[in-house]
file structure.txt (compact mmCIF, C-alpha atoms)
# COMPACT_ATOMS: atom_id res chain seq x y z
CA MET E 136 0.00 0.00 0.00
CA ARG E 137 1.48 3.35 -1.05
CA VAL E 138 0.63 6.19 1.31
CA ASP E 139 1.52 9.79 0.48
CA LEU E 140 1.71 11.91 3.63
CA LEU E 141 1.09 15.66 3.13
CA THR E 142 2.48 18.17 5.61
CA ARG E 143 3.89 21.66 5.85
CA GLU E 144 6.43 20.74 8.55
CA TYR E 145 8.84 17.83 8.40
CA PRO E 146 12.09 17.37 10.35
CA PRO E 147 14.35 19.21 10.60
CA HIS E 148 11.92 22.01 9.70
CA VAL E 149 9.67 21.74 12.77
CA TYR E 150 8.19 24.59 14.77
CA GLY E 151 5.17 23.01 16.48
CA GLY E 152 3.53 19.87 17.73
CA ALA E 153 2.16 18.94 14.31
CA GLY E 154 5.68 18.73 12.92
CA VAL E 155 6.81 16.55 15.82
CA HIS E 156 3.78 14.32 15.25
CA VAL E 157 4.38 13.92 11.52
CA GLY E 158 8.08 13.15 11.84
CA SER E 159 7.61 10.60 14.61
CA LEU E 160 4.62 8.95 12.95
CA ALA E 161 6.40 8.70 9.61
CA ASP E 162 9.39 6.93 11.20
CA ARG E 163 7.10 4.14 12.44
CA LEU E 164 4.80 3.98 9.42
CA ARG E 165 7.70 3.11 7.09
CA ASP E 166 7.70 -0.39 8.55
CA LEU E 167 3.98 -0.79 7.80
CA VAL E 168 3.37 0.88 4.42
CA ASP E 169 5.17 2.24 1.35
CA LEU E 170 5.44 5.82 2.62
CA ARG E 171 6.24 9.00 0.70
CA ILE E 172 6.39 12.46 2.25
CA HIS E 173 5.34 15.75 0.64
CA CYS E 174 6.30 18.91 2.53
CA PHE E 175 7.08 22.59 2.04
CA GLU E 176 10.84 22.67 2.63
CA PRO E 177 13.53 20.36 1.19
CA VAL E 178 15.06 17.62 3.34
CA GLU E 179 18.56 16.73 2.17
CA GLY E 180 19.51 13.08 1.82
CA ASN E 181 15.98 11.65 2.05
CA THR E 182 14.71 10.44 -1.31
CA SER E 183 11.27 9.58 0.10
CA VAL E 184 10.63 13.28 0.81
CA LEU E 185 9.44 15.60 -1.96
CA ALA E 186 9.49 19.33 -1.28
CA HIS E 187 6.99 21.64 -2.97
CA ASP E 188 8.23 25.19 -3.35
CA VAL E 189 5.97 28.21 -3.17
CA PRO E 190 5.93 29.74 -6.67
CA LYS E 191 8.20 32.77 -6.93
CA VAL E 192 5.30 34.93 -8.06
CA LEU E 193 3.68 34.23 -4.65
CA ALA E 194 6.82 34.67 -2.56
CA ALA E 195 5.38 37.75 -0.84
CA ALA E 196 1.75 36.60 -0.90
CA ASN E 197 -0.51 35.82 2.04
CA PRO E 198 0.43 32.41 3.56
CA SER E 199 -3.02 31.08 2.72
CA LEU E 200 -2.46 31.73 -1.00
CA GLN E 201 0.96 30.11 -0.78
CA ALA E 202 -0.66 27.05 0.81
CA LEU E 203 -3.22 26.92 -1.99
CA ALA E 204 -0.46 26.88 -4.59
CA VAL E 205 1.48 24.18 -2.77
CA SER E 206 -1.72 22.14 -2.37
CA ALA E 207 -2.17 22.17 -6.14
CA SER E 208 1.42 20.97 -6.61
CA MET E 209 1.05 18.20 -4.03
CA SER E 210 -2.26 16.97 -5.44
CA HIS E 211 -0.63 16.58 -8.84
CA ALA E 212 2.38 14.72 -7.43
CA VAL E 213 0.44 12.08 -5.48
CA ALA E 214 -0.92 10.36 -8.62
CA GLY E 215 -0.56 6.61 -8.17
CA ALA E 216 -0.86 6.60 -4.37
CA SER E 217 -3.25 4.21 -2.63
CA LEU E 218 -4.33 7.04 -0.35
CA VAL E 219 -3.21 10.44 0.91
CA HIS E 220 -2.96 11.54 4.54
CA SER E 221 -2.91 15.30 5.20
CA HIS E 222 -1.91 17.23 8.30
CA THR E 223 -3.03 20.80 9.18
CA TRP E 224 -4.97 23.25 7.02
CA TYR E 225 -1.85 24.01 5.00
CA THR E 226 -2.20 20.68 3.17
CA ASN E 227 -5.76 19.51 3.88
CA LEU E 228 -7.00 20.91 0.59
CA ALA E 229 -4.28 18.98 -1.26
CA GLY E 230 -5.90 15.84 0.09
CA ARG E 231 -9.31 16.99 -1.13
CA PHE E 232 -7.89 17.82 -4.56
CA ALA E 233 -6.32 14.34 -4.71
CA GLN E 234 -9.73 12.80 -4.06
CA GLN E 235 -11.21 14.72 -6.95
CA LEU E 236 -8.28 14.41 -9.39
CA HIS E 237 -7.26 10.82 -8.83
CA GLY E 238 -10.20 9.20 -7.04
CA ILE E 239 -8.03 8.10 -4.10
CA PRO E 240 -9.10 8.13 -0.43
CA HIS E 241 -8.17 11.04 1.81
CA VAL E 242 -7.37 10.59 5.50
CA MET E 243 -6.68 13.75 7.49
CA THR E 244 -5.43 14.35 11.01
CA THR E 245 -6.73 17.39 12.90
CA HIS E 246 -4.11 18.88 15.21
CA SER E 247 -6.22 21.98 15.88
CA LEU E 248 -9.25 23.70 14.38
CA GLU E 249 -9.20 27.12 12.73
CA PRO E 250 -12.59 28.30 14.10
CA LEU E 251 -11.28 27.72 17.63
CA ARG E 252 -8.21 29.86 17.03
CA PRO E 253 -9.64 33.30 16.16
CA TRP E 254 -6.34 34.97 17.06
CA LYS E 255 -4.96 33.42 13.86
CA SER E 256 -6.69 36.25 12.03
CA GLN E 257 -3.86 38.49 13.27
CA GLN E 258 -1.29 36.14 11.77
CA LEU E 259 -3.03 35.47 8.46
CA ASP E 260 -4.91 38.76 7.97
CA GLY E 261 -7.61 38.12 5.37
CA GLY E 262 -6.14 34.70 4.76
CA TYR E 263 -7.79 33.40 7.92
CA GLU E 264 -11.08 33.03 6.05
CA ILE E 265 -9.24 31.06 3.39
CA SER E 266 -7.57 28.75 5.91
CA CYS E 267 -10.99 28.08 7.47
CA PHE E 268 -12.39 27.29 4.03
CA MET E 269 -9.54 24.90 3.23
CA GLU E 270 -10.01 23.06 6.50
CA ARG E 271 -13.79 22.90 6.19
CA GLU E 272 -13.79 21.62 2.60
CA ALA E 273 -11.37 18.84 3.50
CA LEU E 274 -13.16 17.84 6.71
CA ILE E 275 -16.56 17.54 5.09
CA HIS E 276 -15.31 15.27 2.31
CA ALA E 277 -12.48 13.30 3.96
CA ASP E 278 -12.90 9.53 3.95
CA ARG E 279 -11.65 9.42 7.53
CA VAL E 280 -10.80 12.14 10.04
CA ILE E 281 -8.32 11.39 12.81
CA ALA E 282 -8.73 13.48 15.97
CA VAL E 283 -5.81 13.58 18.41
CA SER E 284 -8.18 13.49 21.40
CA HIS E 285 -11.80 12.83 22.26
CA ALA E 286 -12.13 16.54 23.02
CA MET E 287 -10.91 17.32 19.51
CA ALA E 288 -13.45 14.87 18.07
CA ARG E 289 -16.24 16.72 19.88
CA ASP E 290 -14.89 20.06 18.68
CA ILE E 291 -14.90 18.86 15.07
CA ILE E 292 -18.59 17.95 15.20
CA GLU E 293 -19.52 21.16 17.00
CA ALA E 294 -17.50 23.43 14.68
CA TYR E 295 -18.42 21.59 11.47
CA SER E 296 -21.94 20.19 11.70
CA ASP E 297 -21.68 18.80 8.14
CA VAL E 298 -19.00 16.30 9.18
CA ASP E 299 -20.29 12.75 9.66
CA PRO E 300 -19.37 11.69 13.24
CA GLY E 301 -19.02 8.13 11.97
CA ARG E 302 -15.97 9.16 9.94
CA VAL E 303 -14.14 10.62 12.97
CA THR E 304 -11.71 8.35 14.83
CA VAL E 305 -9.60 9.23 17.87
CA VAL E 306 -5.90 8.38 17.83
CA HIS E 307 -3.97 10.11 20.59
CA ASN E 308 -0.59 11.71 20.05
CA GLY E 309 2.50 9.82 21.11
CA VAL E 310 5.99 10.35 22.45
CA ASP E 311 9.30 8.57 21.97
CA ALA E 312 9.92 7.32 25.50
CA SER E 313 13.42 6.14 24.55
CA GLN E 314 14.50 9.66 23.56
CA TYR E 315 12.46 11.36 26.27
CA ALA E 316 13.55 9.52 29.40
CA PRO E 317 14.95 10.62 32.77
CA ASP E 318 18.51 11.92 32.40
CA SER E 319 20.51 12.43 35.58
CA GLY E 320 23.22 14.40 33.78
CA THR E 321 23.52 18.15 34.24
CA ASP E 322 26.35 19.11 31.88
CA ALA E 323 24.09 20.19 29.00
CA LEU E 324 22.02 22.38 31.32
CA GLU E 325 25.09 23.98 32.86
CA GLU E 326 26.37 24.86 29.40
CA GLN E 327 23.13 26.80 28.92
CA GLY E 328 23.61 28.62 32.23
CA ILE E 329 20.77 26.77 33.95
CA SER E 330 21.52 25.73 37.53
CA VAL E 331 20.12 22.59 39.14
CA ASN E 332 20.82 23.92 42.63
CA ARG E 333 17.47 25.70 42.76
CA PRO E 334 14.01 24.33 41.90
CA ILE E 335 13.15 24.62 38.21
CA VAL E 336 9.72 25.24 36.73
CA ALA E 337 9.83 24.45 33.01
CA CYS E 338 7.64 25.36 30.05
CA VAL E 339 8.07 24.64 26.34
CA ALA E 340 5.77 26.46 23.94
CA ARG E 341 5.39 28.53 20.81
CA ILE E 342 4.89 32.26 21.43
CA SER E 343 1.23 32.51 20.61
CA PRO E 344 -1.91 33.67 22.43
CA GLN E 345 -2.99 30.03 22.24
CA LYS E 346 -0.18 28.91 24.55
CA GLY E 347 -0.96 31.23 27.47
CA LEU E 348 2.62 32.28 28.17
CA LEU E 349 1.57 35.68 29.49
CA HIS E 350 -0.61 33.91 32.04
CA LEU E 351 2.41 31.85 33.09
CA LEU E 352 4.52 34.96 33.63
CA GLN E 353 1.69 36.48 35.63
CA ALA E 354 1.49 33.33 37.75
CA ALA E 355 5.27 33.39 38.30
CA TRP E 356 4.95 36.51 40.47
CA ASN E 357 3.39 34.19 43.05
CA PHE E 358 5.91 31.34 42.77
CA ILE E 359 8.02 30.61 45.83
CA PRO E 360 10.91 33.12 45.86
CA GLY E 361 14.14 31.84 44.41
CA THR E 362 12.47 29.55 41.90
CA GLN E 363 13.85 29.36 38.37
CA LEU E 364 11.32 29.61 35.57
CA VAL E 365 12.81 28.28 32.32
CA VAL E 366 10.68 28.99 29.26
CA VAL E 367 11.79 27.42 25.98
CA ALA E 368 9.97 29.56 23.41
CA GLN E 369 11.88 29.72 20.15
CA SER E 370 9.25 30.47 17.52
CA ALA E 371 6.43 33.00 17.47
CA ASP E 372 3.25 33.31 15.45
CA THR E 373 4.09 36.92 14.64
CA ALA E 374 6.82 39.47 15.32
CA ALA E 375 4.32 41.41 17.42
CA HIS E 376 3.70 38.38 19.65
CA ARG E 377 7.44 37.92 20.16
CA ALA E 378 7.88 41.59 21.04
CA GLU E 379 4.98 41.45 23.50
CA PHE E 380 6.45 38.39 25.22
CA ALA E 381 9.91 40.00 25.34
CA ARG E 382 8.44 43.03 27.12
CA ALA E 383 6.66 40.78 29.59
CA VAL E 384 9.87 38.87 30.35
CA ALA E 385 11.77 42.13 30.83
CA ALA E 386 9.11 43.28 33.29
CA MET E 387 9.84 40.20 35.42
CA GLY E 388 13.15 41.72 36.51
CA ASP E 389 11.68 42.77 39.87
CA SER E 390 9.89 39.48 40.47
CA PRO E 391 10.94 36.97 43.15
CA VAL E 392 11.77 34.36 40.51
CA ASP E 393 14.61 34.07 38.02
CA VAL E 394 13.14 33.92 34.51
CA HIS E 395 15.32 32.25 31.89
CA TRP E 396 13.91 32.64 28.37
CA VAL E 397 15.47 30.28 25.85
CA SER E 398 14.77 31.89 22.49
CA GLY E 399 17.48 30.29 20.37
CA PRO E 400 18.78 26.80 19.59
CA PHE E 401 18.11 24.26 22.34
CA PRO E 402 19.28 20.74 21.42
CA ARG E 403 17.11 17.79 22.44
CA ARG E 404 19.75 16.59 24.92
CA VAL E 405 19.48 19.89 26.78
CA LEU E 406 15.70 19.74 26.65
CA VAL E 407 15.64 16.22 28.08
CA GLN E 408 17.91 17.27 30.93
CA LEU E 409 15.70 20.29 31.57
CA LEU E 410 12.55 18.17 31.69
CA SER E 411 14.30 15.58 33.86
CA HIS E 412 15.53 18.08 36.44
CA ALA E 413 12.49 20.37 36.51
CA ARG E 414 10.43 20.02 39.66
CA VAL E 415 7.32 20.61 37.57
CA PHE E 416 6.39 21.25 33.95
CA VAL E 417 3.70 23.85 33.24
CA CYS E 418 1.33 23.96 30.26
CA PRO E 419 -0.78 27.15 30.55
CA SER E 420 -2.46 26.81 27.14
CA LEU E 421 -5.79 28.47 26.44
CA TYR E 422 -6.45 25.94 23.66
CA GLU E 423 -4.68 22.59 23.45
CA PRO E 424 -6.08 19.59 21.55
CA LEU E 425 -3.74 17.28 23.54
CA GLY E 426 -0.22 18.65 24.00
CA ILE E 427 2.80 16.56 23.00
CA VAL E 428 4.97 18.67 25.32
CA ASN E 429 3.01 17.31 28.28
CA LEU E 430 3.76 13.77 27.16
CA GLU E 431 7.45 14.60 26.74
CA ALA E 432 7.62 15.96 30.29
CA MET E 433 5.77 12.93 31.67
CA ALA E 434 8.12 10.60 29.79
CA CYS E 435 11.03 12.29 31.56
CA GLY E 436 9.42 11.59 34.93
CA THR E 437 8.22 15.13 35.62
CA PRO E 438 4.75 16.01 36.93
CA VAL E 439 2.64 18.45 34.94
CA VAL E 440 0.51 21.39 35.98
CA ALA E 441 -1.73 22.21 33.03
CA SER E 442 -4.86 24.06 32.10
CA ALA E 443 -7.88 21.75 31.98
CA THR E 444 -8.62 22.55 28.37
CA GLY E 445 -9.19 20.49 25.23
CA GLY E 446 -7.60 17.07 25.34
CA VAL E 447 -5.12 17.83 28.13
CA PRO E 448 -7.18 15.89 30.73
CA GLU E 449 -6.85 12.81 28.51
CA ALA E 450 -3.07 12.92 29.02
CA VAL E 451 -2.61 14.45 32.48
CA VAL E 452 -4.55 12.66 35.23
CA ASP E 453 -5.43 15.17 37.94
CA GLY E 454 -3.91 14.18 41.29
CA GLU E 455 -2.05 11.23 39.74
CA THR E 456 0.41 12.56 37.15
CA GLY E 457 0.02 16.24 37.96
CA TYR E 458 -2.69 18.83 38.48
CA LEU E 459 -5.29 20.33 36.17
CA VAL E 460 -6.30 23.97 36.61
CA PRO E 461 -9.72 25.15 35.38
CA LEU E 462 -9.30 27.68 32.61
CA VAL E 463 -10.72 30.80 34.24
CA THR E 464 -9.29 34.10 33.12
CA GLY E 465 -9.87 37.67 34.16
CA THR E 466 -9.31 40.49 31.70
CA THR E 467 -9.21 44.23 31.88
CA ASP E 468 -11.61 46.37 29.89
CA GLY E 469 -8.83 46.87 27.38
CA GLY E 470 -8.58 43.17 26.68
CA GLY E 471 -5.26 42.56 28.45
CA ILE E 472 -4.54 40.10 31.21
CA ASP E 473 -5.79 41.22 34.64
CA GLU E 474 -3.15 41.05 37.37
CA HIS E 475 -5.73 39.32 39.57
CA SER E 476 -6.50 36.56 37.07
CA VAL E 477 -8.03 33.60 38.86
CA PHE E 478 -6.39 31.17 36.47
CA ALA E 479 -2.89 32.57 37.06
CA LYS E 480 -3.31 32.42 40.83
CA GLU E 481 -4.54 28.83 40.74
CA LEU E 482 -1.70 27.92 38.41
CA ALA E 483 0.81 29.35 40.88
CA ALA E 484 -0.82 27.57 43.82
CA ARG E 485 -0.51 24.18 42.13
CA VAL E 486 3.08 24.82 41.06
CA ASN E 487 3.98 25.82 44.61
CA GLU E 488 2.60 22.53 45.92
CA PHE E 489 5.27 20.70 43.96
CA LEU E 490 7.95 23.22 44.89
CA THR E 491 7.32 22.54 48.57
CA ASP E 492 6.72 18.78 48.28
CA ALA E 493 9.49 17.06 46.35
CA ALA E 494 8.20 13.62 47.33
CA SER E 495 4.83 14.23 45.67
CA ALA E 496 6.58 15.57 42.60
CA GLU E 497 8.69 12.43 42.39
CA ARG E 498 5.71 10.12 42.89
CA MET E 499 3.52 11.81 40.28
CA GLY E 500 6.44 12.10 37.86
CA GLN E 501 7.00 8.34 37.99
CA ALA E 502 3.28 7.75 37.48
CA GLY E 503 3.40 10.01 34.44
CA ARG E 504 6.16 7.98 32.81
CA ARG E 505 4.25 4.76 33.44
CA ARG E 506 1.20 6.31 31.81
CA VAL E 507 3.18 7.33 28.74
CA LEU E 508 4.63 3.84 28.32
CA SER E 509 1.22 2.21 28.52
CA HIS E 510 -0.88 4.68 26.49
CA PHE E 511 1.17 7.08 24.36
CA THR E 512 3.87 5.38 22.27
CA TRP E 513 4.37 6.18 18.59
CA GLU E 514 4.41 2.48 17.78
CA ARG E 515 0.86 2.26 19.13
CA VAL E 516 -0.16 5.35 17.14
CA ALA E 517 1.33 3.98 13.90
CA ARG E 518 -0.50 0.66 14.23
CA GLN E 519 -3.81 2.44 14.77
CA VAL E 520 -3.24 4.76 11.81
CA ALA E 521 -2.25 1.87 9.54
CA GLU E 522 -5.46 0.09 10.48
CA ILE E 523 -7.42 3.20 9.45
CA TYR E 524 -5.61 3.15 6.11
CA ARG E 525 -6.65 -0.44 5.53
CA SER E 526 -10.26 0.41 6.35
CA VAL E 527 -10.57 3.01 3.58
CA VAL E 528 -8.51 1.52 0.74
call {"tool": "encode", "arguments": {"input": "structure.txt", "output": "structure tokens"}}
result
Amino acid sequence: MRVDLLTREYPPHVYGGAGVHVGSLADRLRDLVDLRIHCFEPVEGNTSVLAHDVPKVLAAANPSLQALAVSASMSHAVAGASLVHSHTWYTNLAGRFAQQLHGIPHVMTTHSLEPLRPWKSQQLDGGYEISCFMEREALIHADRVIAVSHAMARDIIEAYSDVDPGRVTVVHNGVDASQYAPDSGTDALEEQGISVNRPIVACVARISPQKGLLHLLQAAWNFIPGTQLVVVAQSADTAAHRAEFARAVAAMGDSPVDVHWVSGPFPRRVLVQLLSHARVFVCPSLYEPLGIVNLEAMACGTPVVASATGGVPEAVVDGETGYLVPLVTGTTDGGGIDEHSVFAKELAARVNEFLTDAASAERMGQAGRRRVLSHFTWERVARQVAEIYRSVV
């Protein structure tokens, strides 16, 4: 069975969870199907990967128009495939085109939904309406829709009433528990100037309103004094979002915590040591279909404090592998974050529980790794996805 996988991101060109998902899934699927990858940027030395360039005439165009052009190129190139499998709105329409052009089945994985991310309108300008159209057209006609959580499956049906619920199947995200495993070493962290002599609160996220990083910084004012907050945030949705976050970090200079913002390269070995030595990992997202970063932290034996949103409760078990915080936010009349936000205060309270109780952190961290090993491996994901392929071909 030849499967052509369609994606914008593919390693090493990864900036979000969807890219991590695609790369990890592809590695396991190669043992199960004849797999070919179609992506936006070239990958040297991999003959199974075909890059589709944005036409030069659209080099300065809205990203949604660039995605349309690449979708046309991809749909032409997949001729002869048994089926196509698209990821994210950037390539969903390529899957729909392939259905129409070649009469081959289209499977698509939803990593998020455009209608539930209205802030994307700032990033895409008028292209946001186009991205919503591309996603909707593909969802309505896809032979099978894979949702990364049960919460995501419910969101699909609520946001797109024309989608047949019988065509939606849940396959959770996974994590490589051999790469993300407890690491007692500290050398990589020390090279980055991160000390293990004081408690570490860690967060890994894209700089986006979706990820709630401003809420985390607000919560940090109430962390136990002397705590280190290490935020790995390398990419941003827009330059304006990065500048806003930079100002917020700078304003933390008078806070009782030491904020370490990692904005540049951060090799996986350093990340694994960070997750292994952190007392707690925090996921303050306002919208999160599941959250691979939570699984990575759990795999490293670290408890998670996360917002109880989307599919997060399907990964983090409250009181067993960490704590879930109800997503309650307070805002000023101007639309900014209120300094008395209920969510931020509750976030800080739960983080402080782990900062003062290392034994509980250790116990819940170990439970988190056991949960990952039993429920969230990429081998398990690949087998489930391959079974879906067989059901539609």
call {"tool": "closest_atom_pairs", "arguments": {"input": "structure.txt", "of": "range 298-335 of chain E", "to": "range 154-159 of chain E", "cutoff": "9 Å", "atoms": "all atoms listed in the file", "output": "tab-separated table"}}
result
residue	atom	partner	partner_atom	distance
E:Asn308	CA	E:His156	CA	7.0
E:Gly309	CA	E:His156	CA	7.5
E:Val310	CA	E:Ser159	CA	8.0
E:Asp311	CA	E:Ser159	CA	7.8
call {"tool": "atom_distance", "arguments": {"input": "structure.txt", "atom1": "CA of Gly215 in chain E", "atom2": "CA of Arg231 in chain E"}}
result
15.3 Å
call {"tool": "closest_residue", "arguments": {"input": "structure.txt", "among": "E:Arg403, E:His285, E:Arg279, E:Arg137", "to": "Ala450 in chain E", "atoms": "only C-alpha atoms"}}
result
E:His285
call {"tool": "residues_around", "arguments": {"input": "structure.txt", "residues": "range 357-363 of chain E", "least_positions_apart": "3", "cutoff": "7 Å", "atoms": "all atoms listed in the file", "output": "PDB file with C-alpha atoms, in the frame of the given file"}}
result
ATOM      1  CA  ARG E 333      17.470  25.700  42.760  1.00  0.00           C
ATOM      2  CA  PRO E 334      14.010  24.330  41.900  1.00  0.00           C
ATOM      3  CA  ILE E 335      13.150  24.620  38.210  1.00  0.00           C
ATOM      4  CA  VAL E 336       9.720  25.240  36.730  1.00  0.00           C
ATOM      5  CA  ALA E 354       1.490  33.330  37.750  1.00  0.00           C
ATOM      6  CA  PRO E 391      10.940  36.970  43.150  1.00  0.00           C
ATOM      7  CA  VAL E 392      11.770  34.360  40.510  1.00  0.00           C
ATOM      8  CA  ASP E 393      14.610  34.070  38.020  1.00  0.00           C
ATOM      9  CA  VAL E 394      13.140  33.920  34.510  1.00  0.00           C
ATOM     10  CA  ALA E 483       0.810  29.350  40.880  1.00  0.00           C
ATOM     11  CA  ASN E 487       3.980  25.820  44.610  1.00  0.00           C
TER      12      ASN E 487
END
call {"tool": "residues_around", "arguments": {"input": "structure.txt", "residues": "range 291-298 of chain E", "least_positions_apart": "6", "cutoff": "8 Å", "atoms": "only C-alpha atoms", "output": "PyMOL selection string"}}
result
chain E and resi 248+250+271+274-276
call {"tool": "closest_residue", "arguments": {"input": "structure.txt", "among": "E:Val283, E:Met269, E:Cys174, E:Leu251", "to": "Val520 in chain E", "atoms": "all atoms listed in the file"}}
result
E:Val283
call {"tool": "closest_residue", "arguments": {"input": "structure.txt", "among": "E:Val397, E:Val528, E:Ala153, E:Ile342", "to": "Ala374 in chain E", "atoms": "all atoms listed in the file"}}
result
E:Ile342
call {"tool": "atom_distance", "arguments": {"input": "structure.txt", "atom1": "CA of Ala441 in chain E", "atom2": "CA of Val407 in chain E"}}
result
19.0 Å
call {"tool": "residues_near_point", "arguments": {"input": "structure.txt", "point": "(-12.7, 13.0, 4.3)", "cutoff": "12 Å", "atoms": "all atoms listed in the file", "output": "ChimeraX atom specification"}}
result
/E:218-221,227-235,239-245,270-281,297-304,527
call {"tool": "atom_distance", "arguments": {"input": "structure.txt", "atom1": "CA of Leu185 in chain E", "atom2": "CA of Tyr145 in chain E"}}
result
10.6 Å
call {"tool": "closest_residue", "arguments": {"input": "structure.txt", "among": "E:Tyr225, E:Gly445, E:Gly262, E:Leu410", "to": "Arg289 in chain E", "atoms": "all atoms listed in the file"}}
result
E:Gly445
call {"tool": "axis_aligned_box", "arguments": {"input": "structure.txt", "around": "range 443-455 of chain E", "padding_each_side": "8 Å", "output": "AutoDock Vina command-line options"}}
result
--center_x -5.6 --center_y 16.9 --center_z 33.3 --size_x 23.1 --size_y 27.3 --size_z 32.1
call {"tool": "residues_near_point", "arguments": {"input": "structure.txt", "point": "(3.3, 35.5, 27.7)", "cutoff": "10 Å", "atoms": "only C-alpha atoms", "output": "list of chain:residue names"}}
result
E:Ile342, E:Ser343, E:Pro344, E:Gln345, E:Lys346, E:Gly347, E:Leu348, E:Leu349, E:His350, E:Leu351, E:Leu352, E:Gln353, E:Val366, E:Ala368, E:His376, E:Arg377, E:Glu379, E:Phe380, E:Ala381, E:Arg382, E:Ala383, E:Val384, E:Pro419, E:Ile472
call {"tool": "write_last_selection", "arguments": {"input": "structure.txt", "atoms": "C-alpha atoms", "output": "mmCIF file, keeping the file's coordinate frame"}}
result
data_model
loop_
_atom_site.group_PDB
_atom_site.id
_atom_site.type_symbol
_atom_site.label_atom_id
_atom_site.label_comp_id
_atom_site.auth_asym_id
_atom_site.auth_seq_id
_atom_site.Cartn_x
_atom_site.Cartn_y
_atom_site.Cartn_z
ATOM 1 C CA ILE E 342 4.890 32.260 21.430
ATOM 2 C CA SER E 343 1.230 32.510 20.610
ATOM 3 C CA PRO E 344 -1.910 33.670 22.430
ATOM 4 C CA GLN E 345 -2.990 30.030 22.240
ATOM 5 C CA LYS E 346 -0.180 28.910 24.550
ATOM 6 C CA GLY E 347 -0.960 31.230 27.470
ATOM 7 C CA LEU E 348 2.620 32.280 28.170
ATOM 8 C CA LEU E 349 1.570 35.680 29.490
ATOM 9 C CA HIS E 350 -0.610 33.910 32.040
ATOM 10 C CA LEU E 351 2.410 31.850 33.090
ATOM 11 C CA LEU E 352 4.520 34.960 33.630
ATOM 12 C CA GLN E 353 1.690 36.480 35.630
ATOM 13 C CA VAL E 366 10.680 28.990 29.260
ATOM 14 C CA ALA E 368 9.970 29.560 23.410
ATOM 15 C CA HIS E 376 3.700 38.380 19.650
ATOM 16 C CA ARG E 377 7.440 37.920 20.160
ATOM 17 C CA GLU E 379 4.980 41.450 23.500
ATOM 18 C CA PHE E 380 6.450 38.390 25.220
ATOM 19 C CA ALA E 381 9.910 40.000 25.340
ATOM 20 C CA ARG E 382 8.440 43.030 27.120
ATOM 21 C CA ALA E 383 6.660 40.780 29.590
ATOM 22 C CA VAL E 384 9.870 38.870 30.350
ATOM 23 C CA PRO E 419 -0.780 27.150 30.550
ATOM 24 C CA ILE E 472 -4.540 40.100 31.210
#
call {"tool": "residues_around", "arguments": {"input": "structure.txt", "residues": "range 423-438 of chain E", "least_positions_apart": "3", "cutoff": "8 Å", "atoms": "all atoms listed in the file", "output": "PyMOL selection string"}}
result
chain E and resi 152+246-247+283-284+286-287+307-312+315-318+339-340+345-346+407+410-416+418+420+444-447+449-451+456-457+496-497+499-505+507-508+511
call {"tool": "write_last_selection", "arguments": {"input": "structure.txt", "atoms": "C-alpha atoms", "output": "short mmCIF file (atom, residue, chain, number, x, y, z; two decimals), in the frame of the given file"}}
result
data_model
loop_
_atom_site.label_atom_id
_atom_site.label_comp_id
_atom_site.auth_asym_id
_atom_site.auth_seq_id
_atom_site.Cartn_x
_atom_site.Cartn_y
_atom_site.Cartn_z
CA GLY E 152 3.53 19.87 17.73
CA HIS E 246 -4.11 18.88 15.21
CA SER E 247 -6.22 21.98 15.88
CA VAL E 283 -5.81 13.58 18.41
CA SER E 284 -8.18 13.49 21.40
CA ALA E 286 -12.13 16.54 23.02
CA MET E 287 -10.91 17.32 19.51
CA HIS E 307 -3.97 10.11 20.59
CA ASN E 308 -0.59 11.71 20.05
CA GLY E 309 2.50 9.82 21.11
CA VAL E 310 5.99 10.35 22.45
CA ASP E 311 9.30 8.57 21.97
CA ALA E 312 9.92 7.32 25.50
CA TYR E 315 12.46 11.36 26.27
CA ALA E 316 13.55 9.52 29.40
CA PRO E 317 14.95 10.62 32.77
CA ASP E 318 18.51 11.92 32.40
CA VAL E 339 8.07 24.64 26.34
CA ALA E 340 5.77 26.46 23.94
CA GLN E 345 -2.99 30.03 22.24
CA LYS E 346 -0.18 28.91 24.55
CA VAL E 407 15.64 16.22 28.08
CA LEU E 410 12.55 18.17 31.69
CA SER E 411 14.30 15.58 33.86
CA HIS E 412 15.53 18.08 36.44
CA ALA E 413 12.49 20.37 36.51
CA ARG E 414 10.43 20.02 39.66
CA VAL E 415 7.32 20.61 37.57
CA PHE E 416 6.39 21.25 33.95
CA CYS E 418 1.33 23.96 30.26
CA SER E 420 -2.46 26.81 27.14
CA THR E 444 -8.62 22.55 28.37
CA GLY E 445 -9.19 20.49 25.23
CA GLY E 446 -7.60 17.07 25.34
CA VAL E 447 -5.12 17.83 28.13
CA GLU E 449 -6.85 12.81 28.51
CA ALA E 450 -3.07 12.92 29.02
CA VAL E 451 -2.61 14.45 32.48
CA THR E 456 0.41 12.56 37.15
CA GLY E 457 0.02 16.24 37.96
CA ALA E 496 6.58 15.57 42.60
CA GLU E 497 8.69 12.43 42.39
CA MET E 499 3.52 11.81 40.28
CA GLY E 500 6.44 12.10 37.86
CA GLN E 501 7.00 8.34 37.99
CA ALA E 502 3.28 7.75 37.48
CA GLY E 503 3.40 10.01 34.44
CA ARG E 504 6.16 7.98 32.81
CA ARG E 505 4.25 4.76 33.44
CA VAL E 507 3.18 7.33 28.74
CA LEU E 508 4.63 3.84 28.32
CA PHE E 511 1.17 7.08 24.36
#
call {"tool": "closest_residue", "arguments": {"input": "structure.txt", "among": "E:Leu236, E:Asp260, E:Ala161, E:Ser208", "to": "Pro190 in chain E", "atoms": "all atoms listed in the file"}}
result
E:Ser208
call {"tool": "closest_residue", "arguments": {"input": "structure.txt", "among": "E:Val439, E:Ile172, E:Leu490, E:Leu164", "to": "Glu455 in chain E", "atoms": "only C-alpha atoms"}}
result
E:Val439
